[in-house]
Structures are given as C-alpha cells and as structure tokens.
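A.B. asks: Just one file: work.pdb, with PDB, C-alpha atoms and all ligand atoms.
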```
ATOM      1  CA  MET A1121      15.170   0.275  16.398  1.00  0.00           C
ATOM      2  CA  GLU A1122      12.278  -0.215  14.048  1.00  0.00           C
ATOM      3  CA  ASN A1123      10.576   2.837  12.661  1.00  0.00           C
ATOM      4  CA  THR A1124       6.885   2.482  13.465  1.00  0.00           C
ATOM      5  CA  SER A1125       5.602   5.622  11.818  1.00  0.00           C
ATOM      6  CA  LYS A1126       3.582   5.027   8.718  1.00  0.00           C
ATOM      7  CA  VAL A1127       4.005   6.583   5.335  1.00  0.00           C
ATOM      8  CA  LEU A1128       0.970   8.768   4.746  1.00  0.00           C
ATOM      9  CA  VAL A1129      -0.401   8.495   1.232  1.00  0.00           C
ATOM     10  CA  GLU A1130      -3.066  11.058   0.381  1.00  0.00           C
ATOM     11  CA  LEU A1131      -5.005  10.435  -2.784  1.00  0.00           C
ATOM     12  CA  CYS A1132      -7.155  13.058  -4.413  1.00  0.00           C
ATOM     13  CA  PHE A1133     -10.445  11.974  -5.927  1.00  0.00           C
ATOM     14  CA  GLY A1134     -11.736  15.446  -6.652  1.00  0.00           C
ATOM     15  CA  THR A1135     -13.231  16.142 -10.058  1.00  0.00           C
ATOM     16  CA  THR A1136     -10.074  17.480 -11.695  1.00  0.00           C
ATOM     17  CA  CYS A1137      -7.869  14.703 -10.446  1.00  0.00           C
ATOM     18  CA  PHE A1138     -10.463  12.046 -11.083  1.00  0.00           C
ATOM     19  CA  VAL A1139     -10.945  12.937 -14.745  1.00  0.00           C
ATOM     20  CA  MET A1140      -7.178  13.316 -15.181  1.00  0.00           C
ATOM     21  CA  GLY A1141      -6.572   9.748 -14.083  1.00  0.00           C
ATOM     22  CA  ALA A1142      -7.063   9.409 -10.349  1.00  0.00           C
ATOM     23  CA  SER A1143      -9.796   6.877 -11.050  1.00  0.00           C
ATOM     24  CA  LYS A1144      -6.962   4.407 -11.682  1.00  0.00           C
ATOM     25  CA  LEU A1145      -5.521   5.131  -8.257  1.00  0.00           C
ATOM     26  CA  GLN A1146      -8.563   3.573  -6.641  1.00  0.00           C
ATOM     27  CA  GLU A1147      -6.786   0.261  -7.131  1.00  0.00           C
ATOM     28  CA  LEU A1148      -3.596   1.467  -5.496  1.00  0.00           C
ATOM     29  CA  GLU A1149      -4.133  -0.431  -2.266  1.00  0.00           C
ATOM     30  CA  SER A1150      -4.367  -3.749  -4.047  1.00  0.00           C
ATOM     31  CA  PHE A1151      -0.899  -3.100  -5.524  1.00  0.00           C
ATOM     32  CA  ILE A1152       0.828  -2.312  -2.252  1.00  0.00           C
ATOM     33  CA  PRO A1153       3.088  -5.281  -1.499  1.00  0.00           C
ATOM     34  CA  PRO A1154       1.936  -7.257   1.570  1.00  0.00           C
ATOM     35  CA  GLN A1155       5.137  -6.493   3.479  1.00  0.00           C
ATOM     36  CA  TYR A1156       4.383  -2.762   3.224  1.00  0.00           C
ATOM     37  CA  LYS A1157       0.665  -2.888   3.997  1.00  0.00           C
ATOM     38  CA  ASN A1158       0.961  -2.150   7.711  1.00  0.00           C
ATOM     39  CA  LYS A1159       3.511   0.585   7.055  1.00  0.00           C
ATOM     40  CA  VAL A1160       1.327   2.645   4.789  1.00  0.00           C
ATOM     41  CA  GLU A1161      -1.745   4.688   5.602  1.00  0.00           C
ATOM     42  CA  VAL A1162      -3.898   5.638   2.640  1.00  0.00           C
ATOM     43  CA  LYS A1163      -6.341   8.515   2.870  1.00  0.00           C
ATOM     44  CA  ALA A1164      -8.701   9.821   0.228  1.00  0.00           C
ATOM     45  CA  HIS A1165      -9.452  13.497  -0.236  1.00  0.00           C
ATOM     46  CA  THR A1166     -12.064  15.303  -2.274  1.00  0.00           C
ATOM     47  CA  CYS A1167      -9.551  18.002  -3.252  1.00  0.00           C
ATOM     48  CA  LEU A1168      -6.017  18.658  -2.109  1.00  0.00           C
ATOM     49  CA  ASP A1169      -6.353  22.251  -3.354  1.00  0.00           C
ATOM     50  CA  LEU A1170      -3.530  21.734  -5.797  1.00  0.00           C
ATOM     51  CA  CYS A1171      -5.627  21.791  -8.950  1.00  0.00           C
ATOM     52  CA  LYS A1172      -6.564  25.409  -8.309  1.00  0.00           C
ATOM     53  CA  ASN A1173      -2.991  26.601  -8.308  1.00  0.00           C
ATOM     54  CA  ALA A1174      -1.832  27.546 -11.800  1.00  0.00           C
ATOM     55  CA  THR A1175       1.611  26.133 -11.158  1.00  0.00           C
ATOM     56  CA  TYR A1176       0.125  22.721 -10.540  1.00  0.00           C
ATOM     57  CA  MET A1177      -1.435  21.866 -13.846  1.00  0.00           C
ATOM     58  CA  LYS A1178      -0.534  18.250 -13.731  1.00  0.00           C
ATOM     59  CA  ALA A1179      -3.347  16.380 -12.067  1.00  0.00           C
ATOM     60  CA  PRO A1180      -3.890  13.835 -10.665  1.00  0.00           C
ATOM     61  CA  PHE A1181      -2.098  14.675  -7.459  1.00  0.00           C
ATOM     62  CA  VAL A1182      -1.016  12.470  -4.602  1.00  0.00           C
ATOM     63  CA  LYS A1183       0.803  13.528  -1.469  1.00  0.00           C
ATOM     64  CA  ILE A1184       3.245  11.185   0.182  1.00  0.00           C
ATOM     65  CA  ASP A1185       4.261  12.396   3.629  1.00  0.00           C
ATOM     66  CA  GLY A1186       3.419  15.856   2.349  1.00  0.00           C
ATOM     67  CA  GLU A1187       5.486  15.520  -0.808  1.00  0.00           C
ATOM     68  CA  ILE A1188       3.485  16.300  -3.923  1.00  0.00           C
ATOM     69  CA  ILE A1189       3.437  13.873  -6.803  1.00  0.00           C
ATOM     70  CA  SER A1190       1.914  15.235  -9.973  1.00  0.00           C
ATOM     71  CA  GLU A1191       0.618  13.179 -12.887  1.00  0.00           C
ATOM     72  CA  ALA A1192       0.390  10.397 -10.361  1.00  0.00           C
ATOM     73  CA  THR A1193       0.122   6.813 -11.491  1.00  0.00           C
ATOM     74  CA  VAL A1194       0.038   3.610  -9.453  1.00  0.00           C
ATOM     75  CA  GLU A1195       3.661   2.985 -10.507  1.00  0.00           C
ATOM     76  CA  LYS A1196       4.868   6.435  -9.470  1.00  0.00           C
ATOM     77  CA  VAL A1197       3.102   6.231  -6.131  1.00  0.00           C
ATOM     78  CA  LEU A1198       4.434   2.753  -5.380  1.00  0.00           C
ATOM     79  CA  LYS A1199       7.972   3.888  -6.198  1.00  0.00           C
ATOM     80  CA  ALA A1200       7.631   6.880  -3.919  1.00  0.00           C
ATOM     81  CA  ILE A1201       6.275   4.701  -1.098  1.00  0.00           C
ATOM     82  CA  GLU A1202       9.167   2.304  -1.533  1.00  0.00           C
ATOM     83  CA  SER A1203      11.762   5.030  -1.451  1.00  0.00           C
ATOM     84  CA  LYS A1204      10.190   6.471   1.702  1.00  0.00           C
ATOM     85  CA  LEU A1205      10.234   3.089   3.399  1.00  0.00           C
ATOM     86  CA  ASN A1206      13.737   2.247   2.292  1.00  0.00           C
ATOM     87  CA  GLY A1207      15.227   5.663   2.353  1.00  0.00           C
TER      88      GLY A1207
HETATM   89  S1  LIG A1301      -9.264  17.854  -7.474  1.00  0.00           S
HETATM   90 FE1  LIG A1301      -7.355  17.053  -6.904  1.00  0.00          FE
HETATM   91  S2  LIG A1301      -6.284  18.734  -6.114  1.00  0.00           S
HETATM   92 FE2  LIG A1301      -8.234  19.472  -6.568  1.00  0.00          FE
END
```
Using the file provided, produce a representation of the structure as structure tokens.
C.D. replies:
Amino acid sequence: MENTSKVLVELCFGTTCFVMGASKLQELESFIPPQYKNKVEVKAHTCLDLCKNATYMKAPFVKIDGEIISEATVEKVLKAIESKLNG
C-alpha cells in the first residue's frame, strides 16, 4: 500500500538562521525533484526556537518530520528528504 503521508520540511527564516545561511534555503523548493513534489510539505517559520538553546549553535536549522538538521544546506535537506521517502 502506498504511503500517502507527506514529509514535513520546516525551514527557519528567523534572523539567526537567515544570516547563517537560511537565505539559500529559499530556493529549496525549486530543487525538489518533480517525483517528490507531492510527497513533501514545506513550511516556513520565523524561529524554530533552536537558536536560543546553547547546545544548538549551528544555524541555520531545518526540521524534517521533527528531526533537526543543523548547518542546513539545500544538499543536506534534499538528502534527508530522500532518505525519509526511501527509508
Ligand atoms: S532563528 Fe532559526 S531557530 Fe531561531
């Protein structure tokens, strides 16, 4: 049976994340392969509250199905999406 639940990708565009590189993640959606497009839901946040925690110094942050990715790049996020969809 096909799994119809989508992978939830939460991007943070808060100040800390934005200056640390989240600005590049604005293009993420254009890099999602067409076959994955309807399996991925992308949401933008103004702060995921991770930058305030001293143990999370590595902005920008992205959450994928609740899993935190630090120092997120388009490549890292795409890999994580792929492993969720295939894993
Ligand atoms: S600005 Fe991104 S977690 Fe706070």
A.B. asks: Using only C-alpha atoms and all ligand atoms, what table do you get, as JSON lines, when you list each residue of chain A with an atom no more than 9 Å from ligand LIG 1301 (chain A), its nearest pair of atoms, and their distance in Å rounded to one decimal, rows by chain then rising number?
C.D. replies:
```
{"residue": "A:Leu1131", "atom": "CA", "partner": "A:LIG1301", "partner_atom": "FE1", "distance": 8.1}
{"residue": "A:Cys1132", "atom": "CA", "partner": "A:LIG1301", "partner_atom": "FE1", "distance": 4.7}
{"residue": "A:Phe1133", "atom": "CA", "partner": "A:LIG1301", "partner_atom": "FE1", "distance": 6.0}
{"residue": "A:Gly1134", "atom": "CA", "partner": "A:LIG1301", "partner_atom": "S1", "distance": 3.5}
{"residue": "A:Thr1135", "atom": "CA", "partner": "A:LIG1301", "partner_atom": "S1", "distance": 5.0}
{"residue": "A:Thr1136", "atom": "CA", "partner": "A:LIG1301", "partner_atom": "S1", "distance": 4.3}
{"residue": "A:Cys1137", "atom": "CA", "partner": "A:LIG1301", "partner_atom": "FE1", "distance": 4.3}
{"residue": "A:Phe1138", "atom": "CA", "partner": "A:LIG1301", "partner_atom": "S1", "distance": 6.9}
{"residue": "A:Val1139", "atom": "CA", "partner": "A:LIG1301", "partner_atom": "S1", "distance": 8.9}
{"residue": "A:Ala1142", "atom": "CA", "partner": "A:LIG1301", "partner_atom": "FE1", "distance": 8.4}
{"residue": "A:His1165", "atom": "CA", "partner": "A:LIG1301", "partner_atom": "FE1", "distance": 7.8}
{"residue": "A:Thr1166", "atom": "CA", "partner": "A:LIG1301", "partner_atom": "S1", "distance": 6.4}
{"residue": "A:Cys1167", "atom": "CA", "partner": "A:LIG1301", "partner_atom": "FE2", "distance": 3.9}
{"residue": "A:Leu1168", "atom": "CA", "partner": "A:LIG1301", "partner_atom": "S2", "distance": 4.0}
{"residue": "A:Asp1169", "atom": "CA", "partner": "A:LIG1301", "partner_atom": "S2", "distance": 4.5}
{"residue": "A:Leu1170", "atom": "CA", "partner": "A:LIG1301", "partner_atom": "S2", "distance": 4.1}
{"residue": "A:Cys1171", "atom": "CA", "partner": "A:LIG1301", "partner_atom": "S2", "distance": 4.2}
{"residue": "A:Lys1172", "atom": "CA", "partner": "A:LIG1301", "partner_atom": "FE2", "distance": 6.4}
{"residue": "A:Asn1173", "atom": "CA", "partner": "A:LIG1301", "partner_atom": "S2", "distance": 8.8}
{"residue": "A:Tyr1176", "atom": "CA", "partner": "A:LIG1301", "partner_atom": "S2", "distance": 8.7}
{"residue": "A:Ala1179", "atom": "CA", "partner": "A:LIG1301", "partner_atom": "FE1", "distance": 6.6}
{"residue": "A:Pro1180", "atom": "CA", "partner": "A:LIG1301", "partner_atom": "FE1", "distance": 6.0}
{"residue": "A:Phe1181", "atom": "CA", "partner": "A:LIG1301", "partner_atom": "FE1", "distance": 5.8}
{"residue": "A:Val1182", "atom": "CA", "partner": "A:LIG1301", "partner_atom": "FE1", "distance": 8.2}
```
A.B. asks: Restricting the calculation to all atoms listed in the file: of A:Leu1145, A:Glu1130, A:Met1140, A:Ile1152, which residue gets closest to A:Leu1198?
C.D. replies: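 Result for the nearest residue to A:Leu1198: A:Ile1152.
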A.B. asks: Quick check on the file I pasted: which residues fall under the PyMOL selection byres (((chain A and resi 1156) around 10) and not hetatm)? Write them as a PyMOL selection string.
C.D. replies: chain A and resi 1126-1127+1152-1155+1157-1161+1201-1202+1205
A.B. asks: Which is closer to A:Val1129 than all the others in A:Ala1200, A:Val1162, A:Ile1188, A:Leu1148, using all atoms listed in the file?
C.D. replies: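 The answer is A:Val1162, which sits nearest to A:Val1129.
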A.B. asks: Could you tell me how far atom CA of A:Gln1146 sits from atom CA of A:Gly1207, in Å to one decimal place?
C.D. replies: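 Going from atom CA of A:Gly1207 over to atom CA of A:Gln1146 covers 25.5 Å.
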A.B. asks: Between A:Gly1141, A:Asn1206, A:Lys1196, A:Glu1147, which has the minimum distance to A:Ile1184 (counting all atoms listed in the file)?
C.D. replies: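 Ranked by minimum distance to A:Ile1184, first place goes to A:Lys1196.
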A.B. asks: Could you state the separation of atom CA of A:Ser1125 and atom CA of A:Ser1143 in Å, given to one decimal place?
C.D. replies: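 Spanning atom CA of A:Ser1125 to atom CA of A:Ser1143 is a straight-line distance of 27.6 Å.
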A.B. asks: So how many Å separate atom CA of A:Met1177 and atom CA of A:Val1197, to one decimal?
C.D. replies: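 Calculated distance between atom CA of A:Met1177 and atom CA of A:Val1197 is 18.0 Å.
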